[in-house]
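Have a look at entry_24.pdb; it's PDB, C-alpha atoms:
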ATOM      1  CA  PRO O   6     -25.098 -23.113 -18.438
ATOM      2  CA  GLU O   7     -26.814 -23.996 -15.160
ATOM      3  CA  HIS O   8     -28.720 -26.703 -17.043
ATOM      4  CA  VAL O   9     -25.687 -28.483 -18.499
ATOM      5  CA  VAL O  10     -26.006 -31.856 -16.831
ATOM      6  CA  SER O  11     -23.431 -34.552 -16.530
ATOM      7  CA  GLU O  12     -23.310 -36.349 -19.864
ATOM      8  CA  VAL O  13     -21.137 -39.331 -18.996
ATOM      9  CA  TYR O  14     -21.430 -41.661 -16.031
ATOM     10  CA  SER O  15     -18.826 -44.319 -15.428
ATOM     11  CA  HIS O  16     -21.248 -46.560 -13.544
ATOM     12  CA  ASP O  17     -24.931 -47.234 -14.179
ATOM     13  CA  SER O  18     -25.687 -46.724 -10.486
ATOM     14  CA  MET O  19     -24.703 -43.042 -10.829
ATOM     15  CA  ALA O  20     -27.074 -42.325 -13.705
ATOM     16  CA  PRO O  21     -30.635 -41.277 -12.980
ATOM     17  CA  ALA O  22     -33.135 -43.935 -14.083
ATOM     18  CA  ALA O  23     -35.489 -42.814 -16.845
ATOM     19  CA  ARG O  24     -38.735 -44.468 -17.857
ATOM     20  CA  ALA O  25     -40.522 -43.663 -21.103
ATOM     21  CA  VAL O  26     -44.310 -43.919 -21.273
ATOM     22  CA  ARG O  27     -46.062 -45.256 -24.374
ATOM     23  CA  VAL O  28     -48.479 -42.834 -26.036
ATOM     24  CA  ASP O  29     -51.225 -43.304 -28.596
ATOM     25  CA  VAL O  30     -52.002 -39.622 -29.151
ATOM     26  CA  PRO O  31     -50.149 -37.251 -31.476
ATOM     27  CA  ILE O  32     -47.578 -34.923 -29.924
ATOM     28  CA  ALA O  33     -47.253 -31.466 -31.497
ATOM     29  CA  ILE O  34     -43.558 -30.613 -31.585
ATOM     30  CA  ASP O  35     -43.872 -26.906 -30.892
ATOM     31  CA  GLY O  36     -41.721 -26.338 -27.810
ATOM     32  CA  VAL O  37     -44.822 -25.987 -25.649
ATOM     33  CA  LEU O  38     -45.251 -29.050 -23.461
ATOM     34  CA  ASP O  39     -48.987 -28.603 -23.000
ATOM     35  CA  GLU O  40     -50.292 -32.039 -24.012
ATOM     36  CA  PRO O  41     -51.640 -33.739 -20.861
ATOM     37  CA  VAL O  42     -49.810 -36.950 -21.804
ATOM     38  CA  TRP O  43     -46.481 -35.329 -20.818
ATOM     39  CA  MET O  44     -47.602 -35.443 -17.192
ATOM     40  CA  THR O  45     -48.077 -39.240 -17.369
ATOM     41  CA  ALA O  46     -44.318 -39.820 -17.680
ATOM     42  CA  PRO O  47     -42.229 -39.786 -14.504
ATOM     43  CA  ALA O  48     -40.016 -36.736 -14.255
ATOM     44  CA  LEU O  49     -36.251 -36.883 -13.920
ATOM     45  CA  THR O  50     -35.142 -34.094 -11.607
ATOM     46  CA  GLU O  51     -31.831 -35.176 -10.039
ATOM     47  CA  PHE O  52     -29.195 -33.669 -12.316
ATOM     48  CA  LEU O  53     -25.568 -32.681 -11.858
ATOM     49  CA  GLN O  54     -23.655 -29.924 -13.592
ATOM     50  CA  THR O  55     -20.592 -30.241 -15.751
ATOM     51  CA  VAL O  56     -20.187 -26.454 -16.127
ATOM     52  CA  PRO O  57     -19.409 -24.363 -14.098
ATOM     53  CA  ASP O  58     -19.289 -26.609 -10.993
ATOM     54  CA  GLU O  59     -18.756 -30.210 -12.041
ATOM     55  CA  ALA O  60     -20.691 -32.837 -10.048
ATOM     56  CA  GLN O  61     -22.750 -30.215  -8.181
ATOM     57  CA  ARG O  62     -26.538 -30.179  -8.351
ATOM     58  CA  VAL O  63     -28.011 -27.896 -10.992
ATOM     59  CA  THR O  64     -28.864 -24.460  -9.625
ATOM     60  CA  GLU O  65     -32.206 -24.099 -11.409
ATOM     61  CA  GLU O  66     -35.153 -26.480 -11.365
ATOM     62  CA  THR O  67     -34.928 -28.930 -14.264
ATOM     63  CA  GLU O  68     -37.427 -31.606 -15.248
ATOM     64  CA  VAL O  69     -37.154 -34.119 -18.108
ATOM     65  CA  ARG O  70     -39.752 -36.629 -19.312
ATOM     66  CA  PHE O  71     -39.756 -39.309 -22.029
ATOM     67  CA  LEU O  72     -42.601 -40.653 -24.172
ATOM     68  CA  TYR O  73     -42.606 -43.064 -27.110
ATOM     69  CA  ASP O  74     -44.856 -44.523 -29.782
ATOM     70  CA  ASP O  75     -44.305 -47.101 -32.523
ATOM     71  CA  ASP O  76     -41.950 -44.843 -34.463
ATOM     72  CA  ASN O  77     -40.420 -42.226 -32.162
ATOM     73  CA  ILE O  78     -39.052 -41.323 -28.783
ATOM     74  CA  TYR O  79     -40.114 -37.925 -27.442
ATOM     75  CA  VAL O  80     -38.072 -35.875 -24.985
ATOM     76  CA  GLY O  81     -39.610 -32.999 -23.058
ATOM     77  CA  ALA O  82     -37.552 -30.707 -20.837
ATOM     78  CA  TRP O  83     -38.626 -27.908 -18.511
ATOM     79  CA  LEU O  84     -35.578 -25.733 -17.803
ATOM     80  CA  TRP O  85     -36.666 -23.055 -15.370
ATOM     81  CA  ASP O  86     -34.392 -20.056 -15.054
ATOM     82  CA  GLU O  87     -34.717 -16.916 -12.939
ATOM     83  CA  GLY O  88     -32.226 -14.965 -15.071
ATOM     84  CA  GLU O  89     -31.878 -14.099 -18.706
ATOM     85  CA  VAL O  90     -31.718 -17.118 -21.016
ATOM     86  CA  PRO O  91     -28.872 -16.617 -23.525
ATOM     87  CA  ALA O  92     -30.097 -17.524 -27.012
ATOM     88  CA  ARG O  93     -27.979 -16.885 -30.099
ATOM     89  CA  LEU O  94     -28.519 -18.321 -33.548
ATOM     90  CA  ARG O  95     -25.883 -20.438 -35.274
ATOM     91  CA  ARG O  96     -25.560 -23.158 -37.916
ATOM     92  CA  ARG O  97     -26.351 -26.802 -37.214
ATOM     93  CA  ASP O  98     -23.577 -28.641 -35.369
ATOM     94  CA  GLN O  99     -21.735 -25.396 -34.561
ATOM     95  CA  GLY O 100     -21.005 -24.559 -30.926
ATOM     96  CA  THR O 101     -21.964 -21.352 -29.166
ATOM     97  CA  PRO O 102     -19.975 -21.143 -25.925
ATOM     98  CA  ASP O 103     -22.138 -18.467 -24.290
ATOM     99  CA  ALA O 104     -25.506 -20.190 -24.754
ATOM    100  CA  ASP O 105     -27.634 -22.483 -22.613
ATOM    101  CA  TYR O 106     -27.845 -26.055 -23.941
ATOM    102  CA  PHE O 107     -29.861 -29.132 -23.141
ATOM    103  CA  VAL O 108     -28.200 -32.431 -24.088
ATOM    104  CA  VAL O 109     -29.517 -35.988 -24.104
ATOM    105  CA  ILE O 110     -27.335 -38.999 -24.868
ATOM    106  CA  PHE O 111     -28.683 -42.444 -25.716
ATOM    107  CA  ASP O 112     -26.492 -45.515 -25.183
ATOM    108  CA  SER O 113     -29.040 -47.524 -27.146
ATOM    109  CA  TYR O 114     -26.871 -50.650 -27.344
ATOM    110  CA  HIS O 115     -26.038 -50.366 -23.626
ATOM    111  CA  ASP O 116     -22.458 -51.233 -24.484
ATOM    112  CA  HIS O 117     -20.861 -48.167 -22.840
ATOM    113  CA  ARG O 118     -18.842 -47.733 -26.034
ATOM    114  CA  THR O 119     -21.170 -45.975 -28.465
ATOM    115  CA  ALA O 120     -23.901 -43.409 -27.983
ATOM    116  CA  TYR O 121     -26.047 -40.929 -29.853
ATOM    117  CA  ARG O 122     -25.823 -37.350 -28.592
ATOM    118  CA  PHE O 123     -28.511 -34.750 -29.265
ATOM    119  CA  ALA O 124     -28.069 -31.144 -28.124
ATOM    120  CA  VAL O 125     -30.248 -28.064 -28.498
ATOM    121  CA  SER O 126     -29.730 -24.490 -27.401
ATOM    122  CA  ALA O 127     -32.425 -22.226 -26.037
ATOM    123  CA  ALA O 128     -32.549 -20.567 -29.482
ATOM    124  CA  GLY O 129     -33.403 -23.941 -31.052
ATOM    125  CA  ASN O 130     -29.995 -24.544 -32.634
ATOM    126  CA  HIS O 131     -29.293 -28.240 -32.598
ATOM    127  CA  SER O 132     -26.410 -30.596 -33.063
ATOM    128  CA  ASP O 133     -26.088 -34.331 -33.095
ATOM    129  CA  GLU O 134     -23.280 -36.819 -33.204
ATOM    130  CA  ILE O 135     -22.381 -40.453 -32.869
ATOM    131  CA  MET O 136     -20.017 -40.846 -29.913
ATOM    132  CA  THR O 137     -17.522 -43.609 -29.247
ATOM    133  CA  ILE O 138     -15.096 -44.362 -26.454
ATOM    134  CA  GLY O 139     -11.939 -42.341 -27.001
ATOM    135  CA  ARG O 140      -8.479 -43.789 -27.151
ATOM    136  CA  GLY O 141      -6.852 -43.856 -23.773
ATOM    137  CA  GLY O 142     -10.099 -43.069 -22.005
ATOM    138  CA  GLY O 143      -9.916 -46.237 -19.940
ATOM    139  CA  GLY O 144     -13.623 -46.815 -20.493
ATOM    140  CA  ARG O 145     -14.523 -43.758 -18.426
ATOM    141  CA  GLY O 146     -16.098 -41.530 -21.003
ATOM    142  CA  PHE O 147     -16.802 -40.825 -24.615
ATOM    143  CA  GLY O 148     -13.945 -39.220 -26.451
ATOM    144  CA  PHE O 149     -14.730 -39.145 -30.170
ATOM    145  CA  GLY O 150     -17.769 -37.723 -31.883
ATOM    146  CA  ASP O 151     -18.789 -37.951 -35.535
ATOM    147  CA  ARG O 152     -20.757 -34.796 -36.319
ATOM    148  CA  SER O 153     -21.154 -35.689 -39.984
ATOM    149  CA  TRP O 154     -24.149 -37.796 -38.899
ATOM    150  CA  ASP O 155     -27.245 -35.669 -39.522
ATOM    151  CA  PRO O 156     -30.340 -37.597 -38.483
ATOM    152  CA  VAL O 157     -33.802 -36.381 -39.397
ATOM    153  CA  ILE O 158     -35.263 -35.128 -36.114
ATOM    154  CA  ASP O 159     -37.790 -32.549 -35.007
ATOM    155  CA  VAL O 160     -36.975 -30.239 -32.078
ATOM    156  CA  ARG O 161     -38.498 -26.965 -30.937
ATOM    157  CA  THR O 162     -37.765 -24.686 -28.018
ATOM    158  CA  THR O 163     -39.587 -21.794 -26.389
ATOM    159  CA  ILE O 164     -38.321 -19.125 -24.048
ATOM    160  CA  THR O 165     -40.640 -17.582 -21.479
ATOM    161  CA  ASP O 166     -40.259 -15.409 -18.391
ATOM    162  CA  ASP O 167     -39.955 -18.669 -16.403
ATOM    163  CA  GLY O 168     -37.136 -20.255 -18.411
ATOM    164  CA  TRP O 169     -36.987 -22.337 -21.564
ATOM    165  CA  PHE O 170     -38.551 -25.537 -22.767
ATOM    166  CA  VAL O 171     -37.581 -28.288 -25.200
ATOM    167  CA  GLU O 172     -39.735 -30.717 -27.151
ATOM    168  CA  TRP O 173     -38.052 -33.374 -29.314
ATOM    169  CA  ARG O 174     -39.233 -36.125 -31.642
ATOM    170  CA  ILE O 175     -36.455 -38.545 -32.548
ATOM    171  CA  PRO O 176     -37.469 -41.343 -34.932
ATOM    172  CA  PHE O 177     -36.196 -44.778 -33.933
ATOM    173  CA  SER O 178     -35.010 -45.179 -37.549
ATOM    174  CA  GLN O 179     -32.397 -42.497 -36.884
TER     175      GLN O 179
END
Take the structure from the file and write it as structure tokens.
Amino acid sequence: PEHVVSEVYSHDSMAPAARAVRVDVPIAIDGVLDEPVWMTAPALTEFLQTVPDEAQRVTEETEVRFLYDDDNIYVGAWLWDEGEVPARLRRRDQGTPDADYFVVIFDSYHDHRTAYRFAVSAAGNHSDEIMTIGRGGGGRGFGFGDRSWDPVIDVRTTITDDGWFVEWRIPFSQ
């Protein structure tokens, strides 16, 4: 869980700024971020935990990069880990409390009321949901998620002695 980063920020100034780089070469979604084009995107590295120590810096090196083309956004994550990476299989959209997860949330309308959440475990189990501001949340976080939404996405993970790695293709149509 050292890589669980803060999912909700109440102010834009608290969120790390991400910049996606346009690509014109195919990206193989295989969980191995070996295409040189990944290194052209600036890396996000300043992350905070939600579990186990909320608002503390992550304890393991974490790097996330974004690419895009005419049809997709690509997310690549390097999640280094000196210990064992817990990886258990499960069904789509089912939680596994003792697994490492990487989560990305897109507030694509920038309305701070709706967002699209994509999560993947080290084993490659993924879940997705449409999130909306919860009742009584005072605008400080997402409270309701619709997991019946099942977009067509492509995500792969790999586990190595150095940690685990995520490669996602999310079509803009989704």
For region 157-162 of chain O, work out the shell of residues within 6 Å, counting only C-alpha atoms and skipping chain neighbours fewer than 5 positions away, then give it as a ChimeraX atom specification. /O:35-36,129,170-175
Shortest contact to Tyr106 (chain O), candidates O:Val80, O:Ile32, O:Ile135, O:Ala127, atoms counted only C-alpha atoms, goes to O:Ala127
Of the residues O:Thr50, O:Ser132, O:Gln179, O:Gln61, which is the one nearest to Leu84 (chain O), using only C-alpha atoms?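 Once distances to Leu84 (chain O) are computed over only C-alpha atoms, the minimum belongs to O:Thr50.
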Distance in Å - CA of Ala25 (chain O) versus CA of Val69 (chain O):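 Separation of CA of Ala25 (chain O) and CA of Val69 (chain O): 10.6 Å.
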Step by step, work through what the PyMOL selection byres ((chain O and resi 123) around 8) selects in the shown file, and finish by giving those residues as a ChimeraX atom specification. /O:108-110,121-122,124-125,131-134
To one decimal place in Å, what is the distance between CA of Asn130 (chain O) and CA of Ala104 (chain O)? 10.1 Å
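Put simply, CA of Leu53 (chain O) is 18.5 Å away from CA of Asp112 (chain O).
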Using only C-alpha atoms, pick whichever of O:Gln54, O:Thr137, O:Ser153, O:Thr165 has the shortest atom-to-atom distance to Glu89 (chain O). O:Thr165
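Considering the residues O:Leu38, O:Ala22, O:Ala48, O:Ala33 and counting only C-alpha atoms, Thr163 (chain O) has its shortest atom-to-atom contact with O:Leu38.
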Selection under test: the PyMOL selection byres ((chain O and resi 118) around 6); residues as an MDAnalysis selection string: chainID O and resid 116:117 119 137:138
Show which residues sit within 10 Å of Val30 (chain O), as a ChimeraX atom specification. Count all atoms listed in the file, and ignore same-chain residues fewer than 3 positions away. /O:27,33,40,42,74
